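The next block is final.pdb, given as PDB, C-alpha atoms and all ligand atoms.
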```pdb
ATOM      1  CA  MET K   1       0.000   0.000   0.000
ATOM      2  CA  ASN K   2       1.271   3.457  -0.869
ATOM      3  CA  ALA K   3       2.088   5.130   2.450
ATOM      4  CA  ALA K   4       1.332   8.586   1.000
ATOM      5  CA  ILE K   5      -2.299   7.655   0.441
ATOM      6  CA  PRO K   6      -4.615   7.697   3.464
ATOM      7  CA  ARG K   7      -6.720   4.548   3.744
ATOM      8  CA  SER K   8      -9.918   6.526   3.686
ATOM      9  CA  VAL K   9     -10.894  10.171   3.520
ATOM     10  CA  PHE K  10     -14.054   9.341   5.447
ATOM     11  CA  PRO K  11     -12.980   7.608   8.655
ATOM     12  CA  THR K  12     -15.457   5.169  10.137
ATOM     13  CA  PRO K  13     -17.532   7.034  12.748
ATOM     14  CA  SER K  14     -17.336   5.946  16.365
ATOM     15  CA  ARG K  15     -20.412   4.003  17.427
ATOM     16  CA  THR K  16     -19.734   4.130  21.155
ATOM     17  CA  ARG K  17     -20.205   7.865  21.734
ATOM     18  CA  PRO K  18     -23.641   9.489  22.080
ATOM     19  CA  VAL K  19     -24.594  11.158  18.806
ATOM     20  CA  SER K  20     -26.074  14.656  18.834
ATOM     21  CA  PHE K  21     -28.316  15.819  16.017
ATOM     22  CA  PHE K  22     -25.649  18.135  14.640
ATOM     23  CA  ARG K  23     -22.948  15.481  14.798
ATOM     24  CA  PHE K  24     -25.287  13.038  13.062
ATOM     25  CA  ALA K  25     -26.078  15.646  10.381
ATOM     26  CA  SER K  26     -22.400  16.434   9.756
ATOM     27  CA  LYS K  27     -21.506  12.736   9.546
ATOM     28  CA  ASN K  28     -24.370  12.076   7.161
ATOM     29  CA  VAL K  29     -24.314  15.276   5.149
ATOM     30  CA  ASN K  30     -24.779  13.439   1.865
ATOM     31  CA  LYS K  31     -27.921  11.719   3.144
ATOM     32  CA  VAL K  32     -29.244  14.960   4.654
ATOM     33  CA  TYR K  33     -29.012  16.896   1.408
ATOM     34  CA  PHE K  34     -30.263  13.926  -0.611
ATOM     35  CA  VAL K  35     -33.471  13.806   1.438
ATOM     36  CA  ALA K  36     -33.702  17.607   1.739
ATOM     37  CA  LEU K  37     -33.506  18.138  -2.020
ATOM     38  CA  HIS K  38     -36.367  15.690  -2.563
ATOM     39  CA  ILE K  39     -38.504  17.525  -0.010
ATOM     40  CA  LEU K  40     -37.585  20.912  -1.471
ATOM     41  CA  VAL K  41     -38.969  19.874  -4.869
ATOM     42  CA  ALA K  42     -42.354  20.855  -3.367
ATOM     43  CA  THR K  43     -41.215  24.497  -3.483
ATOM     44  CA  VAL K  44     -41.940  24.512  -7.247
ATOM     45  CA  PHE K  45     -45.439  25.591  -6.141
ATOM     46  CA  LEU K  46     -44.054  28.620  -4.287
ATOM     47  CA  VAL K  47     -42.042  30.281  -7.065
ATOM     48  CA  PRO K  48     -42.955  31.549 -10.552
ATOM     49  CA  VAL K  49     -42.079  29.205 -13.418
ATOM     50  CA  THR K  50     -39.986  31.153 -15.921
ATOM     51  CA  TRP K  51     -38.385  30.137 -19.205
ATOM     52  CA  THR K  52     -35.015  31.104 -17.733
ATOM     53  CA  ALA K  53     -35.552  28.782 -14.765
ATOM     54  CA  LEU K  54     -36.601  25.911 -17.035
ATOM     55  CA  GLY K  55     -33.552  26.593 -19.206
ATOM     56  CA  LEU K  56     -31.315  26.407 -16.129
ATOM     57  CA  CYS K  57     -32.979  23.134 -15.142
ATOM     58  CA  VAL K  58     -32.349  21.477 -18.517
ATOM     59  CA  GLY K  59     -28.948  23.100 -19.067
ATOM     60  CA  PHE K  60     -27.501  22.153 -15.685
ATOM     61  CA  TYR K  61     -28.997  18.661 -15.966
ATOM     62  CA  ILE K  62     -27.092  18.128 -19.229
ATOM     63  CA  VAL K  63     -23.819  19.731 -18.107
ATOM     64  CA  ARG K  64     -23.763  17.854 -14.790
ATOM     65  CA  MET K  65     -24.838  14.574 -16.392
ATOM     66  CA  PHE K  66     -21.824  14.995 -18.657
ATOM     67  CA  GLY K  67     -19.686  15.516 -15.524
ATOM     68  CA  ILE K  68     -20.966  12.179 -14.200
ATOM     69  CA  THR K  69     -20.900  10.158 -17.429
ATOM     70  CA  ALA K  70     -17.780  11.461 -19.161
ATOM     71  CA  GLY K  71     -16.000  12.529 -15.965
ATOM     72  CA  TYR K  72     -16.793  10.289 -12.992
ATOM     73  CA  HIS K  73     -17.635   7.239 -15.078
ATOM     74  CA  ARG K  74     -15.648   7.060 -18.308
ATOM     75  CA  TYR K  75     -12.584   8.948 -17.059
ATOM     76  CA  PHE K  76     -12.178   8.406 -13.310
ATOM     77  CA  SER K  77     -13.687   4.907 -13.161
ATOM     78  CA  HIS K  78     -12.454   3.470 -16.458
ATOM     79  CA  ARG K  79      -9.683   5.728 -17.786
ATOM     80  CA  ALA K  80     -11.315   5.548 -21.215
ATOM     81  CA  TYR K  81      -9.367   8.581 -22.441
ATOM     82  CA  LYS K  82      -6.583  10.895 -21.345
ATOM     83  CA  THR K  83      -6.557  14.537 -20.394
ATOM     84  CA  SER K  84      -4.402  17.132 -18.651
ATOM     85  CA  ARG K  85      -4.199  17.465 -14.892
ATOM     86  CA  TRP K  86      -6.034  20.805 -14.881
ATOM     87  CA  PHE K  87      -8.874  19.549 -17.086
ATOM     88  CA  GLN K  88      -9.095  16.415 -14.946
ATOM     89  CA  PHE K  89      -9.789  18.744 -12.015
ATOM     90  CA  VAL K  90     -12.398  20.641 -14.043
ATOM     91  CA  LEU K  91     -14.160  17.355 -14.831
ATOM     92  CA  ALA K  92     -14.049  16.449 -11.139
ATOM     93  CA  CYS K  93     -15.600  19.807 -10.161
ATOM     94  CA  ILE K  94     -18.412  19.455 -12.713
ATOM     95  CA  GLY K  95     -19.080  15.945 -11.384
ATOM     96  CA  CYS K  96     -19.125  17.224  -7.792
ATOM     97  CA  SER K  97     -21.769  19.799  -8.718
ATOM     98  CA  ALA K  98     -24.148  16.875  -9.330
ATOM     99  CA  MET K  99     -24.169  16.222  -5.552
ATOM    100  CA  GLN K 100     -23.204  12.568  -5.953
ATOM    101  CA  LYS K 101     -20.182  12.826  -3.664
ATOM    102  CA  GLY K 102     -16.590  13.076  -4.839
ATOM    103  CA  PRO K 103     -14.916  11.442  -7.844
ATOM    104  CA  LEU K 104     -12.804   9.079  -5.714
ATOM    105  CA  TRP K 105     -15.822   7.733  -3.807
ATOM    106  CA  TRP K 106     -17.915   7.450  -6.972
ATOM    107  CA  ALA K 107     -15.245   5.757  -9.062
ATOM    108  CA  ALA K 108     -14.121   3.390  -6.264
ATOM    109  CA  ASN K 109     -17.694   2.169  -5.797
ATOM    110  CA  HIS K 110     -18.158   1.852  -9.537
ATOM    111  CA  ARG K 111     -15.002  -0.224  -9.904
ATOM    112  CA  ASP K 112     -16.406  -2.489  -7.190
ATOM    113  CA  HIS K 113     -19.619  -2.754  -9.218
ATOM    114  CA  HIS K 114     -17.713  -4.062 -12.230
ATOM    115  CA  LYS K 115     -15.481  -6.309 -10.143
ATOM    116  CA  HIS K 116     -18.452  -8.017  -8.485
ATOM    117  CA  SER K 117     -21.218  -7.236 -10.963
ATOM    118  CA  ASP K 118     -24.484  -8.863  -9.910
ATOM    119  CA  LYS K 119     -22.654 -10.931  -7.306
ATOM    120  CA  GLU K 120     -23.256 -10.626  -3.574
ATOM    121  CA  GLU K 121     -20.450  -8.058  -3.150
ATOM    122  CA  ASP K 122     -21.871  -5.759  -5.869
ATOM    123  CA  PRO K 123     -22.759  -2.472  -4.084
ATOM    124  CA  HIS K 124     -25.986  -2.026  -6.077
ATOM    125  CA  SER K 125     -27.220  -5.116  -7.867
ATOM    126  CA  PRO K 126     -31.008  -5.182  -8.456
ATOM    127  CA  VAL K 127     -30.720  -8.892  -9.195
ATOM    128  CA  ARG K 128     -29.143  -9.660  -5.810
ATOM    129  CA  HIS K 129     -30.498  -6.948  -3.560
ATOM    130  CA  GLY K 130     -33.703  -5.682  -5.157
ATOM    131  CA  VAL K 131     -34.657  -2.721  -7.333
ATOM    132  CA  LEU K 132     -35.165  -0.217  -4.507
ATOM    133  CA  TRP K 133     -31.762  -1.015  -3.016
ATOM    134  CA  SER K 134     -30.004  -0.687  -6.377
ATOM    135  CA  HIS K 135     -31.757   2.614  -7.114
ATOM    136  CA  ILE K 136     -31.420   4.558  -3.839
ATOM    137  CA  GLY K 137     -31.046   2.156  -0.899
ATOM    138  CA  TRP K 138     -27.321   1.617  -1.273
ATOM    139  CA  ILE K 139     -26.655   5.374  -1.429
ATOM    140  CA  LEU K 140     -28.412   5.898   1.898
ATOM    141  CA  SER K 141     -26.817   2.876   3.546
ATOM    142  CA  GLN K 142     -24.037   3.178   6.096
ATOM    143  CA  ARG K 143     -22.257   0.468   4.084
ATOM    144  CA  SER K 144     -21.660   2.951   1.280
ATOM    145  CA  GLU K 145     -19.860   5.422   3.552
ATOM    146  CA  GLY K 146     -16.118   5.705   3.267
ATOM    147  CA  THR K 147     -13.863   5.392   0.249
ATOM    148  CA  ASN K 148     -11.457   2.535  -0.281
ATOM    149  CA  LEU K 149      -8.611   4.546  -1.741
ATOM    150  CA  GLU K 150      -6.704   1.385  -2.626
ATOM    151  CA  THR K 151      -9.347   0.796  -5.298
ATOM    152  CA  ILE K 152      -8.778   4.255  -6.766
ATOM    153  CA  LYS K 153      -5.115   4.848  -5.876
ATOM    154  CA  ASP K 154      -4.278   5.921  -9.441
ATOM    155  CA  PHE K 155      -6.292   9.109  -8.823
ATOM    156  CA  ALA K 156      -5.996   9.307  -5.033
ATOM    157  CA  ARG K 157      -2.355  10.304  -5.502
ATOM    158  CA  PHE K 158      -3.465  13.777  -6.633
ATOM    159  CA  PRO K 159      -3.738  16.053  -3.561
ATOM    160  CA  GLU K 160      -6.186  18.424  -5.273
ATOM    161  CA  LEU K 161      -8.600  15.521  -5.845
ATOM    162  CA  ARG K 162      -8.308  14.389  -2.225
ATOM    163  CA  LEU K 163      -9.028  17.970  -1.117
ATOM    164  CA  LEU K 164     -12.043  18.163  -3.425
ATOM    165  CA  GLU K 165     -13.209  14.827  -2.046
ATOM    166  CA  MET K 166     -13.503  16.414   1.409
ATOM    167  CA  PHE K 167     -15.334  19.474   0.074
ATOM    168  CA  TYR K 168     -17.270  17.764  -2.708
ATOM    169  CA  TRP K 169     -20.390  19.784  -1.884
ATOM    170  CA  PHE K 170     -18.669  23.112  -2.608
ATOM    171  CA  PRO K 171     -19.094  23.164  -6.448
ATOM    172  CA  ALA K 172     -22.812  22.443  -5.975
ATOM    173  CA  PHE K 173     -23.192  25.445  -3.692
ATOM    174  CA  ILE K 174     -21.441  27.609  -6.282
ATOM    175  CA  LEU K 175     -23.880  26.326  -8.875
ATOM    176  CA  ALA K 176     -26.873  27.113  -6.627
ATOM    177  CA  GLY K 177     -25.488  30.634  -6.218
ATOM    178  CA  ILE K 178     -25.236  31.055  -9.994
ATOM    179  CA  CYS K 179     -28.862  29.950 -10.319
ATOM    180  CA  TYR K 180     -29.893  32.589  -7.770
ATOM    181  CA  LEU K 181     -27.942  35.327  -9.539
ATOM    182  CA  VAL K 182     -29.488  34.406 -12.901
ATOM    183  CA  ASP K 183     -33.146  33.993 -11.944
ATOM    184  CA  GLY K 184     -33.613  34.421  -8.192
ATOM    185  CA  TRP K 185     -35.433  31.720  -6.254
ATOM    186  CA  SER K 186     -37.084  30.396  -9.430
ATOM    187  CA  GLY K 187     -33.580  29.742 -10.708
ATOM    188  CA  VAL K 188     -32.550  27.970  -7.509
ATOM    189  CA  VAL K 189     -35.669  25.803  -7.307
ATOM    190  CA  TRP K 190     -35.673  24.722 -10.966
ATOM    191  CA  GLY K 191     -32.016  25.070 -11.933
ATOM    192  CA  PHE K 192     -30.625  23.469  -8.793
ATOM    193  CA  VAL K 193     -33.223  21.572  -6.738
ATOM    194  CA  VAL K 194     -35.384  20.011  -9.462
ATOM    195  CA  SER K 195     -32.434  19.561 -11.812
ATOM    196  CA  SER K 196     -30.396  17.775  -9.096
ATOM    197  CA  VAL K 197     -33.233  15.387  -8.209
ATOM    198  CA  LEU K 198     -33.799  14.536 -11.880
ATOM    199  CA  LEU K 199     -30.061  14.022 -12.180
ATOM    200  CA  TYR K 200     -30.019  11.618  -9.215
ATOM    201  CA  HIS K 201     -32.695   9.403 -10.656
ATOM    202  CA  GLY K 202     -31.397   9.604 -14.225
ATOM    203  CA  THR K 203     -28.025   8.370 -13.006
ATOM    204  CA  PHE K 204     -29.505   5.736 -10.698
ATOM    205  CA  LEU K 205     -31.545   4.242 -13.554
ATOM    206  CA  VAL K 206     -28.282   2.866 -14.937
ATOM    207  CA  ASN K 207     -27.748   0.902 -11.707
ATOM    208  CA  SER K 208     -31.341  -0.321 -11.449
ATOM    209  CA  ALA K 209     -33.156  -0.396 -14.827
ATOM    210  CA  CYS K 210     -30.107  -1.273 -16.931
ATOM    211  CA  HIS K 211     -29.646  -4.529 -15.019
ATOM    212  CA  ILE K 212     -33.329  -5.478 -15.459
ATOM    213  CA  PHE K 213     -34.938  -3.970 -18.577
ATOM    214  CA  GLY K 214     -33.580  -4.024 -22.104
ATOM    215  CA  SER K 215     -31.741  -6.256 -24.525
ATOM    216  CA  ARG K 216     -28.516  -8.195 -24.218
ATOM    217  CA  ARG K 217     -26.234  -8.167 -27.233
ATOM    218  CA  PHE K 218     -23.277  -9.654 -25.390
ATOM    219  CA  GLU K 219     -23.168 -12.703 -23.131
ATOM    220  CA  THR K 220     -21.609 -10.978 -20.114
ATOM    221  CA  THR K 221     -21.344 -12.596 -16.685
ATOM    222  CA  ASP K 222     -23.889 -10.150 -15.241
ATOM    223  CA  ALA K 223     -27.447  -9.056 -16.031
ATOM    224  CA  SER K 224     -26.507  -5.802 -17.797
ATOM    225  CA  ARG K 225     -28.801  -4.622 -20.579
ATOM    226  CA  ASN K 226     -28.950  -2.041 -23.322
ATOM    227  CA  ASN K 227     -31.814   0.381 -22.727
ATOM    228  CA  ALA K 228     -32.405   3.121 -25.311
ATOM    229  CA  LEU K 229     -34.622   5.267 -23.061
ATOM    230  CA  VAL K 230     -32.010   5.330 -20.293
ATOM    231  CA  ALA K 231     -29.348   6.055 -22.912
ATOM    232  CA  ILE K 232     -31.232   9.203 -23.942
ATOM    233  CA  LEU K 233     -31.774  10.325 -20.335
ATOM    234  CA  THR K 234     -28.116   9.695 -19.398
ATOM    235  CA  LEU K 235     -26.296  10.937 -22.506
ATOM    236  CA  GLY K 236     -25.371   7.416 -23.621
ATOM    237  CA  GLU K 237     -24.957   5.420 -20.413
ATOM    238  CA  GLY K 238     -27.974   3.228 -21.183
ATOM    239  CA  TRP K 239     -25.925   1.062 -23.555
ATOM    240  CA  HIS K 240     -24.951  -0.768 -20.416
ATOM    241  CA  ASN K 241     -24.569  -4.268 -21.811
ATOM    242  CA  ASN K 242     -22.123  -2.845 -24.359
ATOM    243  CA  HIS K 243     -20.310  -1.157 -21.494
ATOM    244  CA  HIS K 244     -20.065  -4.272 -19.326
ATOM    245  CA  HIS K 245     -18.797  -6.150 -22.375
ATOM    246  CA  TYR K 246     -15.993  -3.646 -23.022
ATOM    247  CA  GLN K 247     -15.625  -1.337 -20.026
ATOM    248  CA  SER K 248     -12.690   0.827 -21.019
ATOM    249  CA  SER K 249     -14.259   2.194 -24.197
ATOM    250  CA  ALA K 250     -14.910   5.943 -24.417
ATOM    251  CA  ASN K 251     -18.002   5.209 -26.510
ATOM    252  CA  GLN K 252     -20.807   3.092 -25.086
ATOM    253  CA  GLY K 253     -22.979   3.265 -28.184
ATOM    254  CA  PHE K 254     -21.205   0.797 -30.470
ATOM    255  CA  HIS K 255     -23.227   1.565 -33.614
ATOM    256  CA  TRP K 256     -24.366   4.790 -35.259
ATOM    257  CA  TRP K 257     -27.967   4.283 -34.151
ATOM    258  CA  GLU K 258     -26.940   3.946 -30.491
ATOM    259  CA  ILE K 259     -27.052   7.636 -29.540
ATOM    260  CA  ASP K 260     -24.214   8.482 -27.167
ATOM    261  CA  MET K 261     -24.136  12.228 -26.468
ATOM    262  CA  SER K 262     -21.293  11.898 -23.955
ATOM    263  CA  TYR K 263     -19.072  10.376 -26.619
ATOM    264  CA  TYR K 264     -19.992  13.029 -29.192
ATOM    265  CA  SER K 265     -19.119  15.683 -26.594
ATOM    266  CA  LEU K 266     -15.777  13.975 -25.950
ATOM    267  CA  LEU K 267     -15.074  14.036 -29.692
ATOM    268  CA  ALA K 268     -15.747  17.784 -29.643
ATOM    269  CA  LEU K 269     -13.386  18.218 -26.686
ATOM    270  CA  ARG K 270     -10.777  16.149 -28.513
ATOM    271  CA  SER K 271     -11.002  18.474 -31.513
ATOM    272  CA  CYS K 272     -10.218  21.335 -29.078
ATOM    273  CA  GLY K 273      -7.216  19.433 -27.712
ATOM    274  CA  LEU K 274      -8.694  19.091 -24.206
ATOM    275  CA  VAL K 275      -8.857  15.268 -24.224
ATOM    276  CA  TRP K 276      -7.041  12.646 -26.284
ATOM    277  CA  ASP K 277      -6.398   8.919 -26.761
ATOM    278  CA  LEU K 278     -10.088   8.000 -26.650
ATOM    279  CA  ARG K 279     -10.263   4.238 -26.395
ATOM    280  CA  LYS K 280     -12.593   2.210 -28.607
ATOM    281  CA  PRO K 281     -13.418  -1.503 -28.665
ATOM    282  CA  PRO K 282     -11.480  -3.587 -31.213
ATOM    283  CA  ALA K 283     -13.534  -4.867 -34.177
ATOM    284  CA  LYS K 284     -13.562  -8.445 -32.838
ATOM    285  CA  LYS K 285     -15.258  -7.208 -29.658
ATOM    286  CA  LEU K 286     -18.214  -5.826 -31.609
ATOM    287  CA  HIS K 287     -19.602  -9.202 -32.700
ATOM    288  CA  PRO K 288     -22.760 -10.056 -30.739
ATOM    289  CA  THR K 289     -22.443 -13.075 -28.472
ATOM    290  CA  ALA K 290     -26.062 -13.304 -27.353
ATOM    291  CA  SER K 291     -29.468 -12.884 -28.936
ATOM    292  CA  VAL K 292     -31.941 -10.285 -27.664
ATOM    293  CA  LYS K 293     -33.809 -11.512 -24.590
TER     294      LYS K 293
HETATM  295 ZN    ZN E 301     -23.703  -2.230 -14.380
HETATM  296 ZN    ZN E 302     -18.617   1.365 -15.746
END
```
Step by step, read the file and then write its structure as structure tokens.
Ligand SMILES: [Zn+2]
Ligand SMILES: [Zn+2]
Amino acid sequence: MNAAIPRSVFPTPSRTRPVSFFRFASKNVNKVYFVALHILVATVFLVPVTWTALGLCVGFYIVRMFGITAGYHRYFSHRAYKTSRWFQFVLACIGCSAMQKGPLWWAANHRDHHKHSDKEEDPHSPVRHGVLWSHIGWILSQRSEGTNLETIKDFARFPELRLLEMFYWFPAFILAGICYLVDGWSGVVWGFVVSSVLLYHGTFLVNSACHIFGSRRFETTDASRNNALVAILTLGEGWHNNHHHYQSSANQGFHWWEIDMSYYSLLALRSCGLVWDLRKPPAKKLHPTASVK
């Protein structure tokens, strides 16, 4: 083990001391804001609906989904392409603004998902642990606290990422402030609250629906499926059976009709010189190994 890397940036909380409300809230900040954001969706009835607010909602959904799919998933979890250290940090900040914890936590858990996919040790298998668990239960569980930095030591060696991991909520607060400056409370409610909740469930559909509903082109050792609707909602992540078949590919849509907005965006970034060495599956990996079920 690399001595320079702390074992976890989220030490296991003591269970022997009495827990005050504030200590509980600080230890479970991710759960507190997850629940709070869902409750705050009700405030859509208290603010005017404006075109600007709706634009913020859609715009920040797309930008932050890209931070999750192209950043947290394809880059930090799978190293499907290369980029510079400063743009790596930008991707991490955009991902953090989605309020799904830091890139090290996210990617470490996702690597565990692939390592144990649809086995007992899978953090969020709907086949093993049920749909509700795979969708939101695992996020709220104490078992999902902490980050095994050994699993993500290739990125944990960057001090700026470890710092961001501790303050992963900060980019989201900046984003909420931008929403307020642009369109007041309507901007905050639609551009931040509603957009973040939609973003949660769009992302979580990959963990739940894409291991239950859809077709299987490849005979993988898990229950992963290609789901076109989820692919549209998640900028290409719904081609999940393709992804489990060849995980390190920058594109998850393997054919022209499999819309993959994250990949098209990465191609645009590559043309600007911001990312490079996008990995693609070799031709022999594209042959179907299973019929549609
Ligand atoms: Zn999966
Ligand atoms: Zn993956």
(message) Just want the 9 Å neighbourhood of Phe213 of chain K, counted on only C-alpha atoms, with same-chain residues fewer than 2 positions away dropped. Output as a VMD selection string.
(response) chain K and resid 208 to 211 215 224 to 227
(request) Please indicate the distance in Å from atom CA of Thr83 of chain K to atom CA of Leu161 of chain K, rounded to one decimal place. (result) 14.7 Å
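Here atom CA of Ser262 of chain K and atom CA of His245 of chain K stand 18.3 Å from one another.
The two atoms in question, atom CA of Lys82 of chain K and atom CA of Tyr246 of chain K, are spaced 17.4 Å apart.
Summary of the local environment: counting all atoms listed in the file, residues at most 10 Å from Ser134 of chain K, other than itself and those fewer than 3 positions away along its chain, are Asp122, Pro123, His124, Ser125, Pro126, Val127, Arg128, His129, Gly130, Val131, Gly137, Trp138, Ile139, Phe204, Leu205, Val206, Asn207, Ser208, Ala209 and His211 of chain K.
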Report as AutoDock Vina command-line options the centre and the edge lengths, in Å to one decimal, of the axis-aligned box holding every listed atom of segment 119-131 of chain K, padded by 3 Å on each side.
```
--center_x -27.6 --center_y -6.5 --center_z -6.2 --size_x 20.2 --size_y 14.9 --size_z 12.0
```
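Selection check: the PyMOL selection byres (((chain K and resi 41) around 12) and not hetatm) on the shown file gives K:Phe34, K:Val35, K:Ala36, K:Leu37, K:His38, K:Ile39, K:Leu40, K:Ala42, K:Thr43, K:Val44, K:Phe45, K:Leu46, K:Val47, K:Ser186, K:Val188, K:Val189, K:Trp190, K:Gly191, K:Phe192, K:Val193, K:Val194, K:Ser195, K:Ser196, K:Val197, K:Leu198.
Those residues that approach Tyr75 of chain K to within 10 Å, counting all atoms listed in the file, are Gly67, Ile68, Thr69, Ala70, Ala80, Tyr81, Lys82, Thr83, Gln88, Leu91, Ala92, Pro103, Ala107, Ser248, Ser249, Ala250 and Leu278 of chain K; same-chain residues fewer than 5 positions away are not listed.
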Dump C-alpha atoms for the selected residues as an mmCIF file, in the coordinates of the input?
```cif
data_model
loop_
_atom_site.group_PDB
_atom_site.id
_atom_site.type_symbol
_atom_site.label_atom_id
_atom_site.label_comp_id
_atom_site.auth_asym_id
_atom_site.auth_seq_id
_atom_site.Cartn_x
_atom_site.Cartn_y
_atom_site.Cartn_z
ATOM 1 C CA GLY K 67 -19.686 15.516 -15.524
ATOM 2 C CA ILE K 68 -20.966 12.179 -14.200
ATOM 3 C CA THR K 69 -20.900 10.158 -17.429
ATOM 4 C CA ALA K 70 -17.780 11.461 -19.161
ATOM 5 C CA ALA K 80 -11.315 5.548 -21.215
ATOM 6 C CA TYR K 81 -9.367 8.581 -22.441
ATOM 7 C CA LYS K 82 -6.583 10.895 -21.345
ATOM 8 C CA THR K 83 -6.557 14.537 -20.394
ATOM 9 C CA GLN K 88 -9.095 16.415 -14.946
ATOM 10 C CA LEU K 91 -14.160 17.355 -14.831
ATOM 11 C CA ALA K 92 -14.049 16.449 -11.139
ATOM 12 C CA PRO K 103 -14.916 11.442 -7.844
ATOM 13 C CA ALA K 107 -15.245 5.757 -9.062
ATOM 14 C CA SER K 248 -12.690 0.827 -21.019
ATOM 15 C CA SER K 249 -14.259 2.194 -24.197
ATOM 16 C CA ALA K 250 -14.910 5.943 -24.417
ATOM 17 C CA LEU K 278 -10.088 8.000 -26.650
#
```
(request) Give me the result of the PyMOL selection byres (((not hetatm)) within 7 of (chain E and resi 302)) on this file, residue by residue, as a list in words. (result) His73, Arg74, Ser77, His78, His110, His114, His243, His244 and Gln247 of chain K
(message) Going by the chain IDs and residue numbers used in this file, which residues fall under the PyMOL selection byres (((chain K and resi 266) around 10) and not hetatm)? Write them as a PyMOL selection string.
(response) chain K and resi 66+70+81+250-251+261-265+267-272+274-276+278
Selected residues written out with C-alpha atoms, as a short mmCIF file (atom, residue, chain, number, x, y, z; two decimals), keeping the file's coordinate frame:
```cif
data_model
loop_
_atom_site.label_atom_id
_atom_site.label_comp_id
_atom_site.auth_asym_id
_atom_site.auth_seq_id
_atom_site.Cartn_x
_atom_site.Cartn_y
_atom_site.Cartn_z
CA PHE K 66 -21.82 15.00 -18.66
CA ALA K 70 -17.78 11.46 -19.16
CA TYR K 81 -9.37 8.58 -22.44
CA ALA K 250 -14.91 5.94 -24.42
CA ASN K 251 -18.00 5.21 -26.51
CA MET K 261 -24.14 12.23 -26.47
CA SER K 262 -21.29 11.90 -23.96
CA TYR K 263 -19.07 10.38 -26.62
CA TYR K 264 -19.99 13.03 -29.19
CA SER K 265 -19.12 15.68 -26.59
CA LEU K 267 -15.07 14.04 -29.69
CA ALA K 268 -15.75 17.78 -29.64
CA LEU K 269 -13.39 18.22 -26.69
CA ARG K 270 -10.78 16.15 -28.51
CA SER K 271 -11.00 18.47 -31.51
CA CYS K 272 -10.22 21.34 -29.08
CA LEU K 274 -8.69 19.09 -24.21
CA VAL K 275 -8.86 15.27 -24.22
CA TRP K 276 -7.04 12.65 -26.28
CA LEU K 278 -10.09 8.00 -26.65
#
```
Fewer than 5 positions away in the same chain doesn't count, so skip those; otherwise give me all residues within 9 Å of segment 171-175 of chain K, counting only C-alpha atoms, as an mmCIF file with C-alpha atoms, in the coordinates of the input.
```cif
data_model
loop_
_atom_site.group_PDB
_atom_site.id
_atom_site.type_symbol
_atom_site.label_atom_id
_atom_site.label_comp_id
_atom_site.auth_asym_id
_atom_site.auth_seq_id
_atom_site.Cartn_x
_atom_site.Cartn_y
_atom_site.Cartn_z
ATOM 1 C CA PHE K 60 -27.501 22.153 -15.685
ATOM 2 C CA CYS K 93 -15.600 19.807 -10.161
ATOM 3 C CA ILE K 94 -18.412 19.455 -12.713
ATOM 4 C CA GLY K 95 -19.080 15.945 -11.384
ATOM 5 C CA CYS K 96 -19.125 17.224 -7.792
ATOM 6 C CA SER K 97 -21.769 19.799 -8.718
ATOM 7 C CA ALA K 98 -24.148 16.875 -9.330
ATOM 8 C CA MET K 99 -24.169 16.222 -5.552
ATOM 9 C CA TYR K 180 -29.893 32.589 -7.770
ATOM 10 C CA VAL K 188 -32.550 27.970 -7.509
ATOM 11 C CA GLY K 191 -32.016 25.070 -11.933
ATOM 12 C CA PHE K 192 -30.625 23.469 -8.793
#
```
